[in-house]
Structures are given as structure tokens and as C-alpha cells.
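entry07.csv (CSV, C-alpha atoms)
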```csv
chain,number,residue,atom,x,y,z
A,456,MET,CA,-73.9,-31.5,-65.2
A,457,LYS,CA,-77.3,-31.6,-63.6
A,458,VAL,CA,-78.7,-35.1,-63.3
A,459,THR,CA,-81.7,-34.3,-61.1
A,460,SER,CA,-82.7,-31.3,-59.1
A,461,TYR,CA,-80.4,-32.4,-56.3
A,462,LEU,CA,-77.9,-34.7,-58.1
A,463,VAL,CA,-74.9,-33.3,-59.9
A,464,LEU,CA,-72.2,-34.9,-62.1
A,465,ASP,CA,-68.7,-33.4,-62.0
A,466,GLU,CA,-67.0,-34.6,-65.2
A,467,ALA,CA,-63.6,-33.3,-64.2
A,468,GLU,CA,-63.6,-34.8,-60.7
A,469,HIS,CA,-65.5,-38.0,-61.7
A,470,LEU,CA,-68.0,-37.5,-58.9
A,471,LEU,CA,-71.7,-37.7,-58.4
A,472,THR,CA,-72.8,-35.4,-55.5
A,473,ASP,CA,-76.1,-35.5,-53.7
A,474,LEU,CA,-76.6,-31.8,-52.8
A,475,ARG,CA,-79.2,-32.8,-50.1
A,476,THR,CA,-76.7,-34.9,-48.1
A,477,GLN,CA,-73.4,-34.0,-49.6
A,478,GLU,CA,-72.8,-37.7,-50.2
A,479,GLN,CA,-70.6,-38.5,-53.1
A,480,VAL,CA,-70.3,-41.5,-55.5
A,481,VAL,CA,-66.9,-41.9,-57.1
A,482,LEU,CA,-66.9,-42.9,-60.8
A,483,THR,CA,-64.2,-44.1,-63.2
A,484,PHE,CA,-63.3,-42.1,-66.2
A,485,SER,CA,-65.3,-44.4,-68.5
A,486,GLU,CA,-68.3,-44.4,-66.2
A,487,THR,CA,-68.3,-40.6,-66.1
A,488,ALA,CA,-67.9,-40.3,-69.9
A,489,VAL,CA,-70.7,-42.8,-70.6
A,490,LEU,CA,-73.1,-41.2,-68.1
A,491,ALA,CA,-72.3,-37.7,-69.5
A,492,ALA,CA,-73.1,-38.9,-73.0
A,493,LEU,CA,-76.4,-40.4,-71.9
A,494,LEU,CA,-77.2,-37.2,-70.0
A,495,LYS,CA,-76.6,-35.0,-73.0
A,496,HIS,CA,-78.9,-37.1,-75.0
A,497,HIS,CA,-81.3,-38.4,-72.3
A,498,GLU,CA,-84.5,-39.9,-73.6
A,499,GLN,CA,-82.6,-40.8,-76.8
A,500,VAL,CA,-81.2,-44.2,-77.6
A,501,LEU,CA,-77.4,-44.2,-78.0
A,502,ASP,CA,-75.9,-47.1,-79.8
A,503,LYS,CA,-73.0,-49.1,-78.4
A,504,ASP,CA,-70.4,-47.7,-80.8
A,505,THR,CA,-71.2,-44.1,-79.7
A,506,LEU,CA,-70.8,-45.0,-76.0
A,507,LEU,CA,-67.6,-47.0,-76.6
A,508,ALA,CA,-66.1,-44.0,-78.4
A,509,ALA,CA,-67.2,-41.7,-75.5
A,510,GLY,CA,-66.0,-44.0,-72.7
A,511,TRP,CA,-62.8,-45.3,-74.3
A,512,PRO,CA,-61.5,-42.6,-76.7
A,513,ASP,CA,-58.6,-43.5,-78.9
A,514,ARG,CA,-58.7,-47.1,-77.6
A,515,VAL,CA,-60.1,-50.3,-79.0
A,516,VAL,CA,-61.8,-52.4,-76.3
A,517,ALA,CA,-64.2,-55.4,-76.3
A,518,PRO,CA,-68.0,-54.7,-76.2
A,519,THR,CA,-68.0,-56.4,-72.9
A,520,SER,CA,-66.2,-53.3,-71.4
A,521,LEU,CA,-69.4,-51.3,-72.1
A,522,THR,CA,-71.6,-54.0,-70.7
A,523,GLN,CA,-69.6,-54.1,-67.5
A,524,CYS,CA,-69.6,-50.3,-67.3
A,525,ILE,CA,-73.4,-50.1,-67.7
A,526,SER,CA,-73.8,-52.8,-65.0
A,527,THR,CA,-71.6,-50.9,-62.6
A,528,LEU,CA,-73.3,-47.6,-63.3
A,529,ARG,CA,-76.7,-49.2,-62.5
A,530,LYS,CA,-75.4,-50.3,-59.1
A,531,LYS,CA,-74.0,-46.9,-58.3
A,532,LEU,CA,-77.2,-45.3,-59.3
A,533,SER,CA,-79.4,-47.8,-57.5
A,534,ALA,CA,-80.0,-45.3,-54.6
A,535,TYR,CA,-81.9,-43.1,-57.1
A,536,PRO,CA,-84.8,-45.1,-58.5
A,537,GLU,CA,-86.0,-42.1,-60.5
A,538,ILE,CA,-83.0,-42.6,-62.8
A,539,LYS,CA,-83.6,-45.4,-65.3
A,540,LEU,CA,-80.8,-46.8,-67.5
A,541,HIS,CA,-82.5,-49.0,-70.0
A,542,THR,CA,-81.0,-51.6,-72.4
A,543,LEU,CA,-82.8,-51.8,-75.8
A,544,ALA,CA,-81.9,-55.0,-77.6
A,545,ARG,CA,-79.9,-54.5,-80.8
A,546,MET,CA,-80.3,-50.8,-80.4
A,547,GLY,CA,-78.3,-49.5,-77.4
A,548,TYR,CA,-79.0,-47.7,-74.2
A,549,GLN,CA,-81.4,-45.0,-73.0
A,550,LEU,CA,-81.3,-42.8,-69.9
A,551,GLN,CA,-84.7,-41.8,-68.4
A,552,ILE,CA,-85.2,-39.5,-65.4
A,553,GLU,CA,-88.6,-39.7,-63.8
A,554,GLU,CA,-88.3,-37.0,-61.1
A,555,ASP,CA,-91.5,-35.6,-59.8
A,556,GLU,CA,-92.3,-32.1,-60.9
A,557,PRO,CA,-92.5,-29.4,-58.2
A,558,ALA,CA,-96.0,-28.4,-57.2
A,559,THR,CA,-97.5,-25.4,-59.0
A,560,GLN,CA,-99.0,-22.4,-57.2
A,561,SER,CA,-102.5,-23.6,-58.0
A,562,ASP,CA,-101.7,-27.0,-56.4
A,563,VAL,CA,-100.6,-25.2,-53.2
A,564,GLU,CA,-103.7,-23.1,-53.1
A,565,THR,CA,-105.9,-26.1,-53.5
A,566,VAL,CA,-104.2,-28.0,-50.7
A,567,ALA,CA,-103.7,-25.1,-48.3
A,568,GLN,CA,-107.1,-25.2,-46.5
A,569,PRO,CA,-107.5,-23.1,-43.3
A,570,LYS,CA,-105.8,-25.5,-40.9
A,571,THR,CA,-103.1,-26.2,-43.4
A,572,ARG,CA,-102.5,-22.5,-43.9
A,573,ALA,CA,-102.2,-22.0,-40.1
A,574,ARG,CA,-99.6,-24.7,-39.9
A,575,LEU,CA,-97.7,-23.1,-42.8
A,576,TYR,CA,-97.8,-19.7,-41.0
A,577,VAL,CA,-96.4,-21.3,-37.9
A,578,LEU,CA,-93.7,-23.0,-39.9
A,579,LEU,CA,-92.8,-19.8,-41.7
A,580,ALA,CA,-92.5,-17.9,-38.4
A,581,THR,CA,-90.3,-20.7,-37.0
A,582,VAL,CA,-88.1,-20.6,-40.1
A,583,LEU,CA,-87.9,-16.8,-39.9
A,584,LEU,CA,-86.9,-16.9,-36.2
A,585,ALA,CA,-84.3,-19.5,-36.9
A,586,THR,CA,-82.9,-17.4,-39.7
A,587,ILE,CA,-82.6,-14.4,-37.4
A,588,CYS,CA,-80.9,-16.5,-34.8
A,589,VAL,CA,-78.5,-18.0,-37.3
A,590,GLY,CA,-77.7,-14.6,-38.6
A,591,TYR,CA,-77.0,-13.3,-35.1
A,592,TRP,CA,-74.8,-16.3,-34.4
A,593,LEU,CA,-72.8,-15.7,-37.6
A,594,THR,CA,-72.4,-12.1,-36.7
A,595,GLN,CA,-71.0,-13.0,-33.3
A,596,ASN,CA,-69.0,-16.0,-34.5
A,597,LYS,CA,-67.4,-15.1,-37.9
A,598,GLY,CA,-65.7,-18.0,-39.6
A,599,LEU,CA,-66.6,-21.1,-41.6
A,600,GLU,CA,-68.0,-24.3,-40.4
A,601,TRP,CA,-65.6,-27.1,-41.3
A,602,LYS,CA,-66.1,-30.7,-42.2
A,603,HIS,CA,-63.6,-33.6,-41.6
A,604,GLU,CA,-63.6,-36.8,-43.5
A,605,ASP,CA,-61.4,-39.9,-43.8
A,606,GLU,CA,-57.8,-39.5,-44.9
A,607,ILE,CA,-56.8,-38.9,-48.5
A,608,PRO,CA,-53.8,-40.8,-50.0
A,609,LEU,CA,-50.5,-38.9,-50.4
A,610,ASN,CA,-47.0,-39.9,-51.6
A,611,ILE,CA,-44.4,-37.7,-50.0
A,612,GLY,CA,-40.7,-38.4,-50.6
A,613,GLY,CA,-41.5,-41.8,-52.0
A,614,VAL,CA,-43.3,-42.7,-48.8
A,615,GLU,CA,-47.0,-43.5,-49.1
A,616,GLY,CA,-49.3,-42.3,-46.4
A,617,GLU,CA,-52.5,-40.4,-45.7
A,618,ALA,CA,-53.6,-36.9,-44.8
A,619,GLU,CA,-56.5,-35.8,-42.6
A,620,LEU,CA,-58.9,-33.8,-44.8
A,621,PHE,CA,-60.8,-30.6,-43.8
A,622,TYR,CA,-63.0,-28.5,-46.1
A,623,PRO,CA,-65.9,-26.1,-45.6
A,624,LYS,CA,-69.4,-27.5,-45.0
A,625,GLY,CA,-71.8,-27.0,-47.8
A,626,THR,CA,-69.1,-27.4,-50.5
A,627,ILE,CA,-68.4,-30.5,-52.6
A,628,ARG,CA,-65.8,-32.8,-51.3
A,629,PRO,CA,-62.5,-32.1,-53.1
A,630,ALA,CA,-61.0,-34.9,-55.1
A,631,PRO,CA,-58.0,-36.6,-53.4
A,632,TRP,CA,-55.6,-36.0,-56.3
A,633,ARG,CA,-56.0,-32.2,-55.9
A,634,TRP,CA,-53.0,-32.2,-53.6
A,635,GLN,CA,-50.8,-35.0,-55.0
A,636,LYS,CA,-50.9,-33.5,-58.6
A,637,HIS,CA,-48.7,-30.6,-57.5
A,638,ILE,CA,-45.8,-32.8,-56.4
A,639,ALA,CA,-43.7,-34.1,-59.4
A,640,PRO,CA,-43.8,-37.9,-59.0
A,641,GLU,CA,-40.6,-38.6,-60.9
A,642,SER,CA,-38.5,-36.6,-58.4
A,643,ASN,CA,-40.7,-37.0,-55.3
A,644,GLN,CA,-37.9,-38.5,-53.2
A,645,ILE,CA,-36.7,-37.5,-49.7
A,646,PRO,CA,-33.8,-39.5,-48.3
A,647,ASN,CA,-34.0,-40.7,-44.7
A,648,MET,CA,-37.7,-40.4,-44.4
A,649,SER,CA,-39.7,-43.6,-43.8
A,650,GLU,CA,-43.1,-42.2,-42.6
A,651,PHE,CA,-45.0,-39.0,-42.2
A,652,SER,CA,-48.3,-37.6,-40.8
A,653,ALA,CA,-50.2,-34.9,-42.7
A,654,PHE,CA,-53.2,-32.7,-42.8
A,655,ALA,CA,-54.9,-31.3,-45.9
A,656,LEU,CA,-57.4,-28.5,-46.4
A,657,ALA,CA,-59.4,-27.2,-49.4
A,658,ASP,CA,-60.6,-23.6,-49.6
A,659,ASP,CA,-62.0,-22.4,-52.9
A,660,ASN,CA,-59.0,-22.7,-55.3
A,661,ALA,CA,-56.3,-23.2,-52.6
A,662,TYR,CA,-55.2,-26.6,-51.6
A,663,SER,CA,-52.9,-26.7,-48.6
A,664,MET,CA,-51.0,-29.6,-46.8
A,665,ALA,CA,-49.1,-29.6,-43.6
A,666,ILE,CA,-46.6,-32.4,-43.2
A,667,CYS,CA,-44.4,-33.7,-40.3
A,668,PRO,CA,-41.9,-36.6,-40.9
A,669,THR,CA,-43.3,-38.7,-38.1
A,670,GLY,CA,-45.8,-41.5,-38.3
A,671,ASP,CA,-47.9,-40.2,-35.4
A,672,TYR,CA,-48.8,-36.5,-35.4
A,673,ARG,CA,-48.8,-36.5,-31.6
A,674,ASN,CA,-45.1,-37.2,-31.6
A,675,CYS,CA,-44.1,-34.4,-34.0
A,676,ASP,CA,-41.2,-32.4,-32.5
A,677,GLY,CA,-41.6,-29.5,-34.8
A,678,SER,CA,-38.5,-30.2,-36.9
A,679,ARG,CA,-38.4,-30.6,-40.7
A,680,LEU,CA,-42.0,-29.4,-41.1
A,681,MET,CA,-43.4,-28.8,-44.6
A,682,ASN,CA,-46.3,-26.5,-45.3
A,683,ILE,CA,-47.2,-26.4,-49.0
A,684,VAL,CA,-50.1,-24.5,-50.6
A,685,ALA,CA,-51.2,-24.7,-54.2
A,686,VAL,CA,-53.1,-21.7,-55.4
A,687,ASP,CA,-53.2,-22.5,-59.1
A,688,ASP,CA,-55.0,-25.4,-60.8
A,689,GLN,CA,-52.1,-26.1,-63.1
A,690,PRO,CA,-49.8,-28.7,-61.6
A,691,ALA,CA,-46.9,-26.9,-59.8
A,692,GLY,CA,-44.4,-29.6,-60.5
A,693,LEU,CA,-42.8,-29.3,-57.1
A,694,HIS,CA,-39.5,-31.4,-57.1
A,695,MET,CA,-38.8,-32.6,-53.6
A,696,THR,CA,-35.1,-33.2,-54.3
A,697,GLU,CA,-34.9,-29.5,-55.2
A,698,PHE,CA,-37.5,-28.1,-52.8
A,699,LEU,CA,-36.0,-29.3,-49.5
A,700,PRO,CA,-32.5,-27.8,-50.0
A,701,LEU,CA,-34.1,-24.5,-51.3
A,702,MET,CA,-36.5,-24.5,-48.3
A,703,GLN,CA,-33.5,-24.8,-45.9
A,704,LYS,CA,-31.6,-22.1,-47.7
A,705,MET,CA,-34.5,-19.7,-47.7
A,706,GLU,CA,-35.1,-20.2,-44.0
A,707,LYS,CA,-31.4,-19.8,-43.0
A,708,ARG,CA,-30.9,-16.8,-45.3
A,709,VAL,CA,-33.3,-14.5,-43.6
A,710,ARG,CA,-36.1,-14.6,-41.0
A,711,TYR,CA,-38.0,-11.4,-40.4
A,712,ASN,CA,-40.1,-12.8,-37.5
A,713,ARG,CA,-37.3,-13.7,-35.1
A,714,ILE,CA,-38.7,-11.5,-32.2
A,715,THR,CA,-40.6,-13.7,-29.8
A,716,ILE,CA,-42.2,-11.0,-27.7
A,717,PRO,CA,-43.7,-8.3,-29.9
A,718,GLU,CA,-43.1,-4.7,-29.0
A,719,GLY,CA,-45.7,-3.2,-26.7
A,720,MET,CA,-46.8,-6.5,-25.4
A,721,CYS,CA,-45.8,-6.3,-21.8
A,722,LYS,CA,-49.0,-5.5,-19.9
A,723,LYS,CA,-48.1,-7.4,-16.8
A,724,SER,CA,-45.0,-8.2,-14.7
A,725,ASP,CA,-45.5,-11.9,-15.2
A,726,PHE,CA,-47.2,-13.8,-18.0
A,727,ASN,CA,-46.6,-16.6,-20.5
A,728,GLU,CA,-46.4,-16.1,-24.2
A,729,HIS,CA,-47.5,-19.0,-26.4
A,730,ASN,CA,-45.6,-18.5,-29.7
A,731,TYR,CA,-46.1,-20.3,-33.0
A,732,GLN,CA,-43.9,-20.0,-36.0
A,733,ALA,CA,-44.3,-21.6,-39.4
A,734,ASP,CA,-42.9,-21.3,-42.9
A,735,VAL,CA,-45.4,-21.8,-45.7
A,736,TYR,CA,-44.4,-22.3,-49.4
A,737,PHE,CA,-46.4,-21.5,-52.5
A,738,PRO,CA,-45.2,-23.4,-55.5
A,739,VAL,CA,-46.6,-22.2,-58.8
A,740,ALA,CA,-45.7,-23.6,-62.2
A,741,ASN,CA,-43.0,-21.5,-64.0
A,742,LYS,CA,-42.9,-19.0,-61.1
A,743,LEU,CA,-40.4,-18.3,-58.3
A,744,LEU,CA,-41.1,-20.2,-55.1
A,745,GLU,CA,-42.7,-17.9,-52.5
A,746,ARG,CA,-42.2,-18.2,-48.8
A,747,TYR,CA,-44.6,-16.9,-46.2
A,748,ASP,CA,-43.0,-16.6,-42.7
A,749,LEU,CA,-45.8,-16.6,-40.1
A,750,ASN,CA,-45.6,-15.8,-36.4
A,751,MET,CA,-48.5,-15.9,-34.0
A,752,SER,CA,-48.4,-15.2,-30.2
A,753,LEU,CA,-51.1,-15.6,-27.6
A,754,VAL,CA,-51.0,-13.9,-24.2
A,755,TYR,CA,-53.8,-14.9,-21.8
A,756,ASP,CA,-55.5,-12.5,-19.5
A,757,ASP,CA,-57.7,-15.3,-18.1
A,758,ASP,CA,-58.5,-18.9,-19.1
A,759,ASN,CA,-60.3,-18.1,-22.3
A,760,SER,CA,-59.3,-14.6,-23.5
A,761,GLY,CA,-56.3,-12.4,-24.0
A,762,SER,CA,-54.2,-10.7,-26.7
A,763,PHE,CA,-53.4,-12.1,-30.1
A,764,TYR,CA,-50.3,-10.9,-32.2
A,765,PHE,CA,-49.8,-11.9,-35.8
A,766,SER,CA,-46.9,-11.0,-38.1
A,767,SER,CA,-46.1,-12.3,-41.6
A,768,CYS,CA,-43.5,-11.7,-44.2
A,769,LEU,CA,-43.5,-12.8,-47.9
A,770,THR,CA,-40.3,-13.3,-49.8
A,771,ASP,CA,-39.3,-15.2,-53.0
A,772,GLN,CA,-36.4,-17.6,-53.6
A,773,ASP,CA,-34.3,-15.0,-55.4
A,774,CYS,CA,-35.1,-12.0,-53.2
A,775,LEU,CA,-36.4,-10.2,-56.3
A,776,THR,CA,-39.4,-8.9,-54.3
A,777,ALA,CA,-38.7,-6.8,-51.3
A,778,PRO,CA,-40.2,-8.3,-48.2
A,779,ILE,CA,-44.0,-7.8,-47.9
A,780,LYS,CA,-44.7,-7.5,-44.2
A,781,TYR,CA,-48.1,-7.5,-42.6
A,782,THR,CA,-49.0,-7.4,-38.9
A,783,PHE,CA,-52.0,-7.1,-36.7
A,784,ARG,CA,-52.9,-7.1,-33.1
A,785,GLY,CA,-56.2,-7.9,-31.4
A,786,ASP,CA,-58.2,-9.4,-28.6
A,787,PHE,CA,-59.3,-13.0,-28.6
A,788,VAL,CA,-62.0,-15.1,-27.0
A,789,GLN,CA,-61.3,-18.9,-27.0
A,790,HIS,CA,-63.9,-21.7,-27.0
A,791,LYS,CA,-64.2,-25.3,-27.9
A,792,ALA,CA,-65.7,-26.8,-31.0
A,793,GLU,CA,-65.9,-30.2,-32.8
A,794,ILE,CA,-64.9,-30.8,-36.4
A,795,GLY,CA,-65.7,-34.4,-37.0
A,796,HIS,CA,-63.9,-36.3,-34.2
A,797,TRP,CA,-61.5,-33.5,-33.6
A,798,ASN,CA,-62.0,-31.4,-30.5
A,799,VAL,CA,-60.5,-28.0,-31.6
A,800,ASP,CA,-59.8,-24.7,-30.0
A,801,VAL,CA,-61.5,-21.8,-31.8
A,802,PHE,CA,-60.1,-18.2,-31.4
A,803,ASN,CA,-62.5,-15.4,-32.3
A,804,ILE,CA,-60.3,-12.3,-32.8
A,805,LYS,CA,-61.3,-8.6,-32.9
A,806,VAL,CA,-58.6,-6.8,-34.7
A,807,LYS,CA,-57.5,-3.5,-33.0
A,808,CYS,CA,-54.6,-2.4,-35.2
A,809,LYS,CA,-52.8,-3.5,-38.3
A,810,ASN,CA,-49.9,-2.5,-40.5
A,811,LEU,CA,-49.0,-3.3,-44.1
A,812,TYR,CA,-45.5,-2.5,-45.2
A,813,ASN,CA,-45.6,-2.0,-49.0
A,814,PRO,CA,-42.4,-3.0,-50.9
A,815,GLU,CA,-40.8,-0.8,-53.4
A,816,LYS,CA,-40.9,-3.5,-56.1
A,817,ILE,CA,-42.9,-6.7,-56.6
A,818,ASN,CA,-41.8,-9.6,-58.7
A,819,THR,CA,-44.6,-11.0,-61.0
A,820,SER,CA,-44.4,-14.3,-59.0
A,821,ALA,CA,-45.4,-12.4,-55.9
A,822,ALA,CA,-48.2,-10.2,-57.4
A,823,TYR,CA,-51.0,-12.6,-56.7
A,824,PHE,CA,-50.0,-12.9,-53.0
A,825,PHE,CA,-49.5,-9.2,-52.6
A,826,ARG,CA,-53.1,-8.6,-53.8
A,827,ASN,CA,-54.4,-11.1,-51.2
A,828,ILE,CA,-52.3,-9.5,-48.4
A,829,ARG,CA,-53.7,-6.1,-49.4
A,830,LYS,CA,-57.2,-7.5,-49.4
A,831,ASP,CA,-56.6,-8.9,-45.9
A,832,ASP,CA,-55.4,-5.5,-44.7
A,833,ILE,CA,-58.6,-3.9,-45.9
A,834,GLN,CA,-61.0,-6.5,-44.7
A,835,ASP,CA,-59.4,-7.7,-41.4
A,836,ASP,CA,-61.9,-6.8,-38.7
A,837,GLU,CA,-62.9,-10.0,-37.0
A,838,LEU,CA,-61.1,-13.3,-37.7
A,839,THR,CA,-61.4,-16.9,-36.7
A,840,PHE,CA,-58.3,-19.1,-36.2
A,841,TYR,CA,-58.7,-22.9,-35.4
A,842,ARG,CA,-56.1,-24.9,-33.5
A,843,LEU,CA,-56.6,-28.5,-34.4
A,844,TYR,CA,-54.0,-30.0,-32.2
A,845,GLN,CA,-51.0,-29.0,-30.0
A,846,ASN,CA,-48.3,-30.8,-28.1
A,847,ASN,CA,-45.2,-29.3,-26.3
A,848,ALA,CA,-43.3,-28.7,-29.5
A,849,SER,CA,-45.7,-28.2,-32.4
A,850,ALA,CA,-49.3,-27.2,-33.3
A,851,ILE,CA,-51.6,-27.5,-36.3
A,852,TRP,CA,-53.7,-24.5,-37.2
A,853,ILE,CA,-56.3,-23.5,-39.8
A,854,VAL,CA,-55.2,-19.9,-40.5
A,855,PRO,CA,-57.4,-17.4,-42.4
A,856,ARG,CA,-54.7,-16.2,-44.8
A,857,MET,CA,-54.8,-16.5,-48.6
A,858,GLY,CA,-58.4,-17.7,-47.9
A,859,ASN,CA,-57.8,-20.4,-45.3
A,860,ILE,CA,-54.8,-22.7,-45.1
A,861,VAL,CA,-53.7,-25.5,-42.8
A,862,VAL,CA,-50.3,-24.9,-41.2
A,863,TRP,CA,-48.1,-27.0,-39.0
A,864,SER,CA,-46.1,-24.7,-36.7
A,865,ARG,CA,-43.3,-24.9,-34.2
A,866,TYR,CA,-44.4,-24.1,-30.7
A,867,LYS,CA,-42.7,-22.7,-27.6
A,868,LYS,CA,-43.9,-21.2,-24.4
A,869,VAL,CA,-42.0,-18.2,-23.0
A,870,GLY,CA,-42.4,-17.0,-19.5
A,871,LEU,CA,-41.5,-13.6,-18.2
```
Let me see whether you can do it: turn the structure in this file into C-alpha cells.
Amino acid sequence: MKVTSYLVLDEAEHLLTDLRTQEQVVLTFSETAVLAALLKHHEQVLDKDTLLAAGWPDRVVAPTSLTQCISTLRKKLSAYPEIKLHTLARMGYQLQIEEDEPATQSDVETVAQPKTRARLYVLLATVLLATICVGYWLTQNKGLEWKHEDEIPLNIGGVEGEAELFYPKGTIRPAPWRWQKHIAPESNQIPNMSEFSAFALADDNAYSMAICPTGDYRNCDGSRLMNIVAVDDQPAGLHMTEFLPLMQKMEKRVRYNRITIPEGMCKKSDFNEHNYQADVYFPVANKLLERYDLNMSLVYDDDNSGSFYFSSCLTDQDCLTAPIKYTFRGDFVQHKAEIGHWNVDVFNIKVKCKNLYNPEKINTSAAYFFRNIRKDDIQDDELTFYRLYQNNASAIWIVPRMGNIVVWSRYKKVGL
């Protein structure tokens, strides 16, 4: 709901977002409901019974609950003096918004005298030049700009912890419960796990998390990694007690990306291959669990460029869908960038060749993912991968697949 020209209320997420700064104010359910009711009838007086019914549906609460709610709302809105929340004795409450109206064309013409017009022309030229430069930069550096914020709470296997959050700049900060809601709390138990470190990423409707069962991500040895991606807003109901044995079974049963050195890779007599392998799981309510086996390899020609090899294979838990394989090869240029306090490696890749192996049959559980893989096959031309962190056994990546997902991979270096 639009509050002002730059302030938006998200009723589902219980958030007020300032579109100018992307700053957000977290509201409770009752505060959201009361504010929404006042917004729908702003300039009107709403009595206490109406607001109590809106803020506390199907509950009987004391009138002081509303009084406290209004008081807290005023504090949270204090940064916006144009929003007035009035109390009218024995009548109720009224919301008034006194935002300045934008200047009309005639107002601009009156103000824009010759010197002012000259300044406006200079400003317009500057903006135009900046737009051209930004457009050129985007053409040369395809990929999103990412934002990093403080950790979001997670409960994995009965252990409470936090995940580092990444999401695209210019978008509203996702609500923390977006990840947790897909893990069934009544069965969210993992034996012999006392701590974890995690990374979370939001991209459109996909919410991914990458988890290592160690308290410090820098000490992750690449074992027992969990990469989980939710692509449906309906809670997936992922049961950890069922998921972990199934995950181990699926990974032992078949791996299509076992080859470390891809065919046609040997350009030199001596080189090092940096290989990254990850298993990504897509739980969807009432659907078969899908596994995405990813393999990435880097071979450097010099310090900042070389060849990039990517292969993937999608299967489901019952093998009802024949493997959907997709590979590509290209040249990369590597540079450094900052996302929050993270100093990351950015890989800009020009795709040179790609192959999609269509299966003979596709289970309905895999149809969504097959459509996305086909779309990647059509669109893949220039891609951007981000390596957030790496040690000698594992690495954390933002991978532009299924949109963008965060993936914790096993790492090994192979020399020939």
C-alpha cells in the first residue's frame, strides 16, 4: 500500500519501506493491520472498535492494547513528519498525510529564468552523460549489484544460528522468515550437529540457503554441505529427518559430473584446474525432491583470465525424470568487488559453446526446472558468477542458475 510517494507498506511482510533509501521499519501484525485500516480510510475518523477488530481479529483484548499500538506506531513513523496520526477524544483516530504536491509545469516555467535554465541544461547534459556511461558499464559488466546486510535467524536441525543475507540492490529487503518457513519445525532435527554457518540469498521468487555444519565458515571442510532452494511461495515442509538420508541416497546413487577435467580442456602441458562441485536441492510442497548436480572448473591462462567450464544435471528422487543435462564453456575475466564488507571475486564469462541434452520424459515435478534450464540455454551469452569466499576445501558462490542462487561447493585443485 502506498503511504506517501516514497513510503510503501507491505501488509504481507509487515514492513514499511522508504524507496529513497531502502530503509525499512519492521511492524507487528497488529501495527500493520491498524495502519492499513487507517490508510484505507485516511482523512476519516475510525472508532476504537473498528481498529480493535482490524488489529486483533477473533480476539478479545483490552482497549489499552490499541492505545499502546497507536503509541508505538507514532514512534515508528516519527521520521516522517508529514504523516499525522491524530487522537480525537471519544471518537477514535484519524490519519492525515500532508505531503507536498509536486510542482506543476507552470510553476517550473515561472522559476526557470535564463540562469536557472542554463543550470538545468548543464544538469540534464550531466545526467545524460552519466546514463550513457552507466549503460556502457552494464553492457561490459553484465550482472546484478548485490547488497549485504546483517544476519537473518535460522533454525537448522534444532540448532539456532544466523545466515549472511544477500539480495539485489534496488529491491525491498526480504523478510527473514522467507527461508525458515520452508523447513518443517516439528521435524527439523539433525542428530550430532551443534552449530552451523550459513548464507542466504533472495532473487525474485527463489530463496536459497547454503549451510555448513561448522560454527565458522572459514573452517568448513566441505563435508555434509546443504544447499536448499525454495522456488514456490507455499511452505515446502522440508523434514530434516527425512531429507538428510534421502540426500545421501541420491548423491550415492548416481553422479553425472564425476569427471574432474572436462574433455577438450588440455591446452597446455602443465596447468592447474580449480574444481567446484555442489549438490543443490529444490523442495516443493507435494512434489518430488529435485537434485541439481553442479560442477564448475576454472583454468587460468594468466592471473585474471582463463577458461570456465560448467556442467549440470537435474534428477528427481525417484528417477522418474531422465537426467536433464546442460553444459557450457567460455572465457572468463576475473576482478574484485565489494558486497557490504565482503571482498568477492567476480567472474565475467563470455559463453562460447553450450549443450542441452533433452530427456525423453519429464516428470511434472521437474517441469518448472526444465523450463528454466531451456531458458538458460537460449539466453546464455554473457554471465556473471560471484565467489564470496574460498578456503582449501570449500567455496561459496552466487551462481546465475534458476535466477541466482547461493551455493556452498566442495573445492579441490588438480595439477597436471
Here atom CA of A:Asp832 and atom CA of A:Phe783 stand apart by 8.8 Å
Legend entry - Gap from atom CA of A:Asp757 to atom CA of A:Ile804 - Å, one decimal: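 One can read the atom CA of A:Asp757 to atom CA of A:Ile804 distance as 15.2 Å.
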Ranking A:Ser649, A:Lys805, A:Asn847, A:Val854 by minimum distance to A:Asn750 and counting all atoms listed in the file, which one comes first?
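Checking each of A:Ser649, A:Lys805, A:Asn847, A:Val854 against A:Asn750, counting all atoms listed in the file, the winner is A:Val854.
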How far is it from atom CA of A:Lys624 to atom CA of A:Lys602, in Å with one decimal?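 About the pair atom CA of A:Lys624 and atom CA of A:Lys602: they are 5.4 Å apart.
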Nearest to A:Tyr535, restricted to all atoms listed in the file and choosing among A:Asn674, A:Ser460, A:Asn846, A:Thr505, comes out as A:Ser460
Might you pull out every residue within 10 Å of stretch 745-749 of chain A, with all atoms listed in the file counted and same-chain residues fewer than 3 positions away left off, and present them as a ChimeraX atom specification? /A:682-683,702,705-706,709-713,731-739,742,765-774,776,778-782,820-821,824,854,862,864
>> Taking (-78.0, -41.4, -73.1) as a centre in this file's frame and 10 Å as the limit, can you find every polymer residue with an atom that close, using all atoms listed in the file, and give them as a PyMOL selection string?
In response: chain A and resi 489-502+505-506+540-541+547-551
